[in-house]
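**Student:** After the structure tokens below, expect a handful of questions from me.
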Amino acid sequence: MLENLSTRLQDIFSGLRSKGRLTESDISDAMREIRLALLEADVNFKVVKSFVARTKERCLTAEVMDSLTPAQNVTKVVLDELTALLGETDARINLGSRMPSVIMLVGLQGSGKTTAAAKLAYRLKQEGHQPLLVACDVYRPAAADQLETLGGEIGVRVFREDSTDPVQIALDGMHDAKENMRDVVIIDTAGRLHVDAAMMEEAAAIKEATRPDEILMVVDAMTGQDIVNVVEAFAETVDFDGVIMSKMDGDARGGGALSVREVTGKPIKFISSGERPDSLEEFHPDRMAKRILGMGDVVSLIETAVRIQQADDEEELEAERMASGNINLNDFITMNRQVHKMGGIAKLVSALPGGDKMLGAGQIDERAFDDMEVIISSMTMQERQKPEVLNASRRQRIAAGAGVTVTEVNNVLKKYNETKKMIKKMTAGMNQQPKGKKGKKGKKRRGGMPGLGGMSMADLKNLQNMMR
């Protein structure tokens, strides 16, 4: 969603890096460009004004202007201010100490409350809790049915009644949770197309009756600058504790997401991208700021991989075999499915420094692994486990079965062999760093790239080609 803003800011910093020293005029020009970029991204104009003023003041200090790398210092200042704008520190959900804990979701109709409720329940379930979803939207047709369907998909029970009194439904849901030993109750409240007094009174009544430990407002990130008026109205009436920013995978400008914390003082606690139950992520201001500035978010990528590995403990032995470089073509299918679990190749690449530019330039083919899987699925089990048996006639049969050419089959086998070599090289490098060798003049030659398991630039190029 913030891709255009990210590109604009990176271009501004690229222009600064081309200059050895920066003048006050250079800083003023850069701040003007940053202001325009933020306004075009639909960030609230008051937020933009204060952000640029703070940033410019810090950039004009002697520490920045007289440094050897002023452009890098300007980037650091913008990173610090952007992190502060987004919240500066992580804000975690508060479940309290009572049984059951109560989480209440509020927001406008269409903001994604019901879906967010199910995603939050899924996340809490993964953390060892026993959540109960309570359907208190008695106005929107089939709202309770939608929640029940989503609850069924993730294995979380949904409490619903035929009553038209949402306050009573919420109280009955809490009573049901106590009887069935559910430690967290998530209340999905009703919304309206616009903020109105009736909706606010109902939300306040549910809050008064249930005394929730946490009130989260679900905000559509595609709303734009109007998001400021909405969150201000809810902050005054309901006094929510934090925000779930939904639809972060949309193609709107998304600047409203940068305005919420500054305007209300309420932290963004979760962001949601996509429809999958596991697409609700904790919001980390520092990581989001780095992603906007094109610095990537490798930490979140690693956390996602660890979470998936923990969920697939039964495949631990297979993972060890693959890590040793002893892979076969079946493992390509496994890799493809793991990539999909982590959000797809585009999400993985976007988390790397400069990854957004690679995506924008069309250097990543999101269907590359899917196309490989089709070809590999046309092979027999013996052929997948022992690719060396694939002679010319077998390759022709596989190509016909997959509806591709023999050349495409050969390309898959070539990439398989390259991947196998790279995994072995990475494993060897992790176990023992490559030793430098002396040349004719006694100088050491580097055996590979430090920190990358001894992989050479050619290896990295091959890895990039795998994703094309």
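The way I read the labels, and the way they are meant: chains A, B, ... in the order of the structure tokens, residue 1 as the first residue of every chain, and ligand 1 as the first ligand shown, with later ones counted on from there.
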Within 12 Å of segment 28-40 of chain A, counting only C-alpha atoms, which residues show up once you throw out same-chain ones fewer than 3 positions away? Write them as a ChimeraX atom specification, please.

**Tutor:** /A:2-17,22-25,43-60,71,74-75,77-78,82,224-225,252-259,292-293

**Student:** Go ahead and write the residues just picked, C-alpha atoms, as a compact mmCIF listing (two decimals), in the first residue's frame.

**Tutor:**
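Saved file out-v5.txt follows:
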```txt
# COMPACT_ATOMS: atom_id res chain seq x y z
CA LEU A 2 2.82 2.44 0.86
CA GLU A 3 4.90 1.44 -2.16
CA ASN A 4 4.58 4.79 -3.97
CA LEU A 5 5.58 6.71 -0.84
CA SER A 6 8.51 4.35 -0.32
CA THR A 7 9.71 4.87 -3.90
CA ARG A 8 9.48 8.65 -3.62
CA LEU A 9 11.43 8.78 -0.37
CA GLN A 10 14.12 6.45 -1.65
CA ASP A 11 14.56 8.65 -4.74
CA ILE A 12 14.95 11.72 -2.51
CA PHE A 13 17.68 10.07 -0.43
CA SER A 14 19.39 8.80 -3.58
CA GLY A 15 19.67 12.39 -4.77
CA LEU A 16 21.20 13.45 -1.45
CA ARG A 17 23.77 10.66 -1.56
CA LEU A 22 24.84 19.24 2.05
CA THR A 23 23.87 22.89 2.28
CA GLU A 24 20.87 24.37 4.04
CA SER A 25 19.30 24.77 0.61
CA VAL A 43 -1.18 11.65 5.12
CA ASN A 44 -3.10 14.24 7.17
CA PHE A 45 -1.77 17.72 6.38
CA LYS A 46 -1.37 18.66 10.06
CA VAL A 47 0.67 15.52 10.64
CA VAL A 48 2.81 16.31 7.60
CA LYS A 49 3.45 19.86 8.77
CA SER A 50 4.65 18.86 12.24
CA PHE A 51 6.66 15.88 10.91
CA VAL A 52 8.56 17.97 8.34
CA ALA A 53 9.20 20.76 10.86
CA ARG A 54 10.73 18.34 13.40
CA THR A 55 12.76 16.54 10.77
CA LYS A 56 14.12 19.73 9.19
CA GLU A 57 15.15 21.14 12.57
CA ARG A 58 17.14 18.00 13.39
CA CYS A 59 18.70 17.83 9.92
CA LEU A 60 20.06 21.39 10.18
CA ALA A 71 23.11 12.07 3.47
CA VAL A 74 19.57 12.73 7.07
CA THR A 75 18.23 9.27 6.30
CA VAL A 77 16.89 11.40 11.15
CA VAL A 78 13.96 10.68 8.83
CA LEU A 82 9.05 8.23 10.98
CA GLY A 224 -7.50 8.05 3.45
CA GLN A 225 -7.48 11.34 5.35
CA ALA A 252 -4.86 2.90 -2.10
CA ARG A 253 -2.33 5.54 -1.05
CA GLY A 254 -2.50 4.42 2.59
CA GLY A 255 -1.27 7.61 4.25
CA GLY A 256 -4.06 7.41 6.80
CA ALA A 257 -2.12 4.63 8.52
CA LEU A 258 0.67 7.13 9.21
CA SER A 259 -1.76 9.64 10.76
CA ILE A 292 8.96 2.49 3.91
CA LEU A 293 12.54 3.71 3.48
```

**Student:** Considering only C-alpha atoms, return as JSON, numbers by chain whatever protein or nucleic-acid residues lie within 10 Å of Ala399 of chain A, sequence-local ones (same chain, fewer than 5 positions apart) excluded.

**Tutor:** {"A": [375, 376, 378, 379, 393, 394, 404, 405, 406, 407, 408, 409, 410]}

**Student:** Could you list, as a short mmCIF file (atom, residue, chain, number, x, y, z; two decimals) with all heavy atoms, in the first residue's frame, every residue within 7 Å of Leu79 of chain A, counting only C-alpha atoms and ignoring same-chain residues fewer than 4 positions away?

**Tutor:**
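The resulting file, around01.cif, is reproduced below:
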```cif
data_model
loop_
_atom_site.label_atom_id
_atom_site.label_comp_id
_atom_site.auth_asym_id
_atom_site.auth_seq_id
_atom_site.Cartn_x
_atom_site.Cartn_y
_atom_site.Cartn_z
N THR A 75 19.06 10.47 6.38
CA THR A 75 18.23 9.27 6.30
C THR A 75 17.92 8.74 7.70
O THR A 75 16.79 8.34 7.98
CB THR A 75 18.95 8.17 5.48
OG1 THR A 75 19.27 8.68 4.19
CG2 THR A 75 18.07 6.95 5.33
N THR A 83 9.66 6.59 12.66
CA THR A 83 9.38 5.59 13.70
C THR A 83 8.57 6.21 14.83
O THR A 83 7.60 5.62 15.32
CB THR A 83 10.70 5.01 14.25
OG1 THR A 83 11.44 4.42 13.19
CG2 THR A 83 10.41 3.95 15.31
N ALA A 289 8.83 1.55 9.49
CA ALA A 289 9.58 2.71 9.02
C ALA A 289 10.72 2.28 8.10
O ALA A 289 10.96 2.92 7.06
CB ALA A 289 10.12 3.50 10.22
N LYS A 290 11.41 1.22 8.46
CA LYS A 290 12.51 0.73 7.62
C LYS A 290 11.99 0.23 6.27
O LYS A 290 12.63 0.44 5.24
CB LYS A 290 13.26 -0.39 8.35
CG LYS A 290 14.11 0.10 9.50
CD LYS A 290 14.82 -1.05 10.20
CE LYS A 290 15.68 -0.54 11.36
NZ LYS A 290 16.35 -1.64 12.08
#
```

**Student:** Which residues are close to Asp183 of chain A, i.e. within 7 Å by only C-alpha atoms, leaving aside same-chain residues fewer than 5 positions away? Reply as a PyMOL selection string.

**Tutor:** chain A and resi 99-101+129-131

**Student:** Dump all heavy atoms for the selected residues as a JSON list (two decimals), in the first residue's frame?

**Tutor:**
```
[["chain", "number", "residue", "atom", "x", "y", "z"],
["A", 99, "MET", "N", -10.84, -14.10, 34.28],
["A", 99, "MET", "CA", -11.24, -15.22, 33.43],
["A", 99, "MET", "C", -12.74, -15.11, 33.15],
["A", 99, "MET", "O", -13.54, -15.18, 34.07],
["A", 99, "MET", "CB", -10.93, -16.54, 34.15],
["A", 99, "MET", "CG", -11.46, -17.77, 33.47],
["A", 99, "MET", "SD", -10.52, -18.22, 32.02],
["A", 99, "MET", "CE", -11.35, -19.76, 31.59],
["A", 100, "PRO", "N", -13.15, -14.90, 31.91],
["A", 100, "PRO", "CA", -12.32, -14.73, 30.72],
["A", 100, "PRO", "C", -11.91, -13.27, 30.51],
["A", 100, "PRO", "O", -12.59, -12.36, 30.97],
["A", 100, "PRO", "CB", -13.24, -15.19, 29.59],
["A", 100, "PRO", "CG", -14.60, -14.76, 30.06],
["A", 100, "PRO", "CD", -14.60, -14.94, 31.56],
["A", 101, "SER", "N", -10.81, -13.08, 29.79],
["A", 101, "SER", "CA", -10.45, -11.74, 29.34],
["A", 101, "SER", "C", -11.39, -11.35, 28.20],
["A", 101, "SER", "O", -11.85, -12.22, 27.45],
["A", 101, "SER", "CB", -9.00, -11.71, 28.84],
["A", 101, "SER", "OG", -8.12, -12.08, 29.87],
["A", 129, "HIS", "N", -4.23, -20.01, 23.74],
["A", 129, "HIS", "CA", -5.47, -19.59, 24.39],
["A", 129, "HIS", "C", -6.66, -20.37, 23.83],
["A", 129, "HIS", "O", -6.57, -21.03, 22.79],
["A", 129, "HIS", "CB", -5.70, -18.09, 24.20],
["A", 129, "HIS", "CG", -4.68, -17.24, 24.89],
["A", 129, "HIS", "ND1", -4.71, -16.98, 26.24],
["A", 129, "HIS", "CD2", -3.58, -16.58, 24.40],
["A", 129, "HIS", "CE1", -3.70, -16.21, 26.57],
["A", 129, "HIS", "NE2", -2.98, -15.95, 25.48],
["A", 130, "GLN", "N", -7.78, -20.27, 24.53],
["A", 130, "GLN", "CA", -9.03, -20.88, 24.10],
["A", 130, "GLN", "C", -10.06, -19.76, 23.89],
["A", 130, "GLN", "O", -10.84, -19.44, 24.77],
["A", 130, "GLN", "CB", -9.54, -21.88, 25.14],
["A", 130, "GLN", "CG", -8.67, -23.10, 25.32],
["A", 130, "GLN", "CD", -8.71, -23.99, 24.09],
["A", 130, "GLN", "OE1", -9.74, -24.13, 23.44],
["A", 130, "GLN", "NE2", -7.57, -24.60, 23.76],
["A", 131, "PRO", "N", -10.06, -19.11, 22.71],
["A", 131, "PRO", "CA", -10.93, -17.96, 22.51],
["A", 131, "PRO", "C", -12.37, -18.36, 22.16],
["A", 131, "PRO", "O", -12.64, -19.46, 21.68],
["A", 131, "PRO", "CB", -10.27, -17.23, 21.34],
["A", 131, "PRO", "CG", -9.59, -18.32, 20.56],
["A", 131, "PRO", "CD", -9.15, -19.35, 21.58]]
```

**Student:** For Asp241 of chain A, work out the shell of residues within 9 Å, counting only C-alpha atoms and skipping chain neighbours fewer than 6 positions away, then give it as a ChimeraX atom specification.

**Tutor:** /A:93,214-217,235,266-267

**Student:** Could you write those residues out with N, CA, C and O atoms, as a compact mmCIF listing (two decimals), in the first residue's frame?

**Tutor:**
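Resulting contents of again-v1.txt:
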```txt
# COMPACT_ATOMS: atom_id res chain seq x y z
N ILE A 93 -0.99 -6.38 23.12
CA ILE A 93 -2.37 -6.52 23.56
C ILE A 93 -2.42 -6.87 25.04
O ILE A 93 -1.57 -7.61 25.55
N GLU A 214 -9.55 -4.93 26.76
CA GLU A 214 -8.92 -4.30 25.60
C GLU A 214 -10.01 -3.93 24.60
O GLU A 214 -10.87 -4.75 24.27
N ILE A 215 -9.99 -2.69 24.13
CA ILE A 215 -10.89 -2.25 23.06
C ILE A 215 -10.02 -1.91 21.86
O ILE A 215 -9.15 -1.03 21.93
N LEU A 216 -10.24 -2.61 20.77
CA LEU A 216 -9.46 -2.39 19.55
C LEU A 216 -10.37 -1.84 18.46
O LEU A 216 -11.44 -2.38 18.20
N MET A 217 -9.94 -0.77 17.84
CA MET A 217 -10.69 -0.20 16.73
C MET A 217 -10.11 -0.72 15.43
O MET A 217 -8.90 -0.62 15.19
N ALA A 235 -12.38 7.72 19.61
CA ALA A 235 -11.52 7.96 20.77
C ALA A 235 -12.25 8.75 21.84
O ALA A 235 -12.09 8.50 23.04
N LYS A 266 -3.26 6.91 20.10
CA LYS A 266 -3.52 5.48 20.26
C LYS A 266 -2.60 4.68 19.35
O LYS A 266 -2.45 4.99 18.17
N PRO A 267 -1.98 3.64 19.84
CA PRO A 267 -1.02 2.88 19.04
C PRO A 267 -1.69 1.92 18.05
O PRO A 267 -2.80 1.44 18.30
```
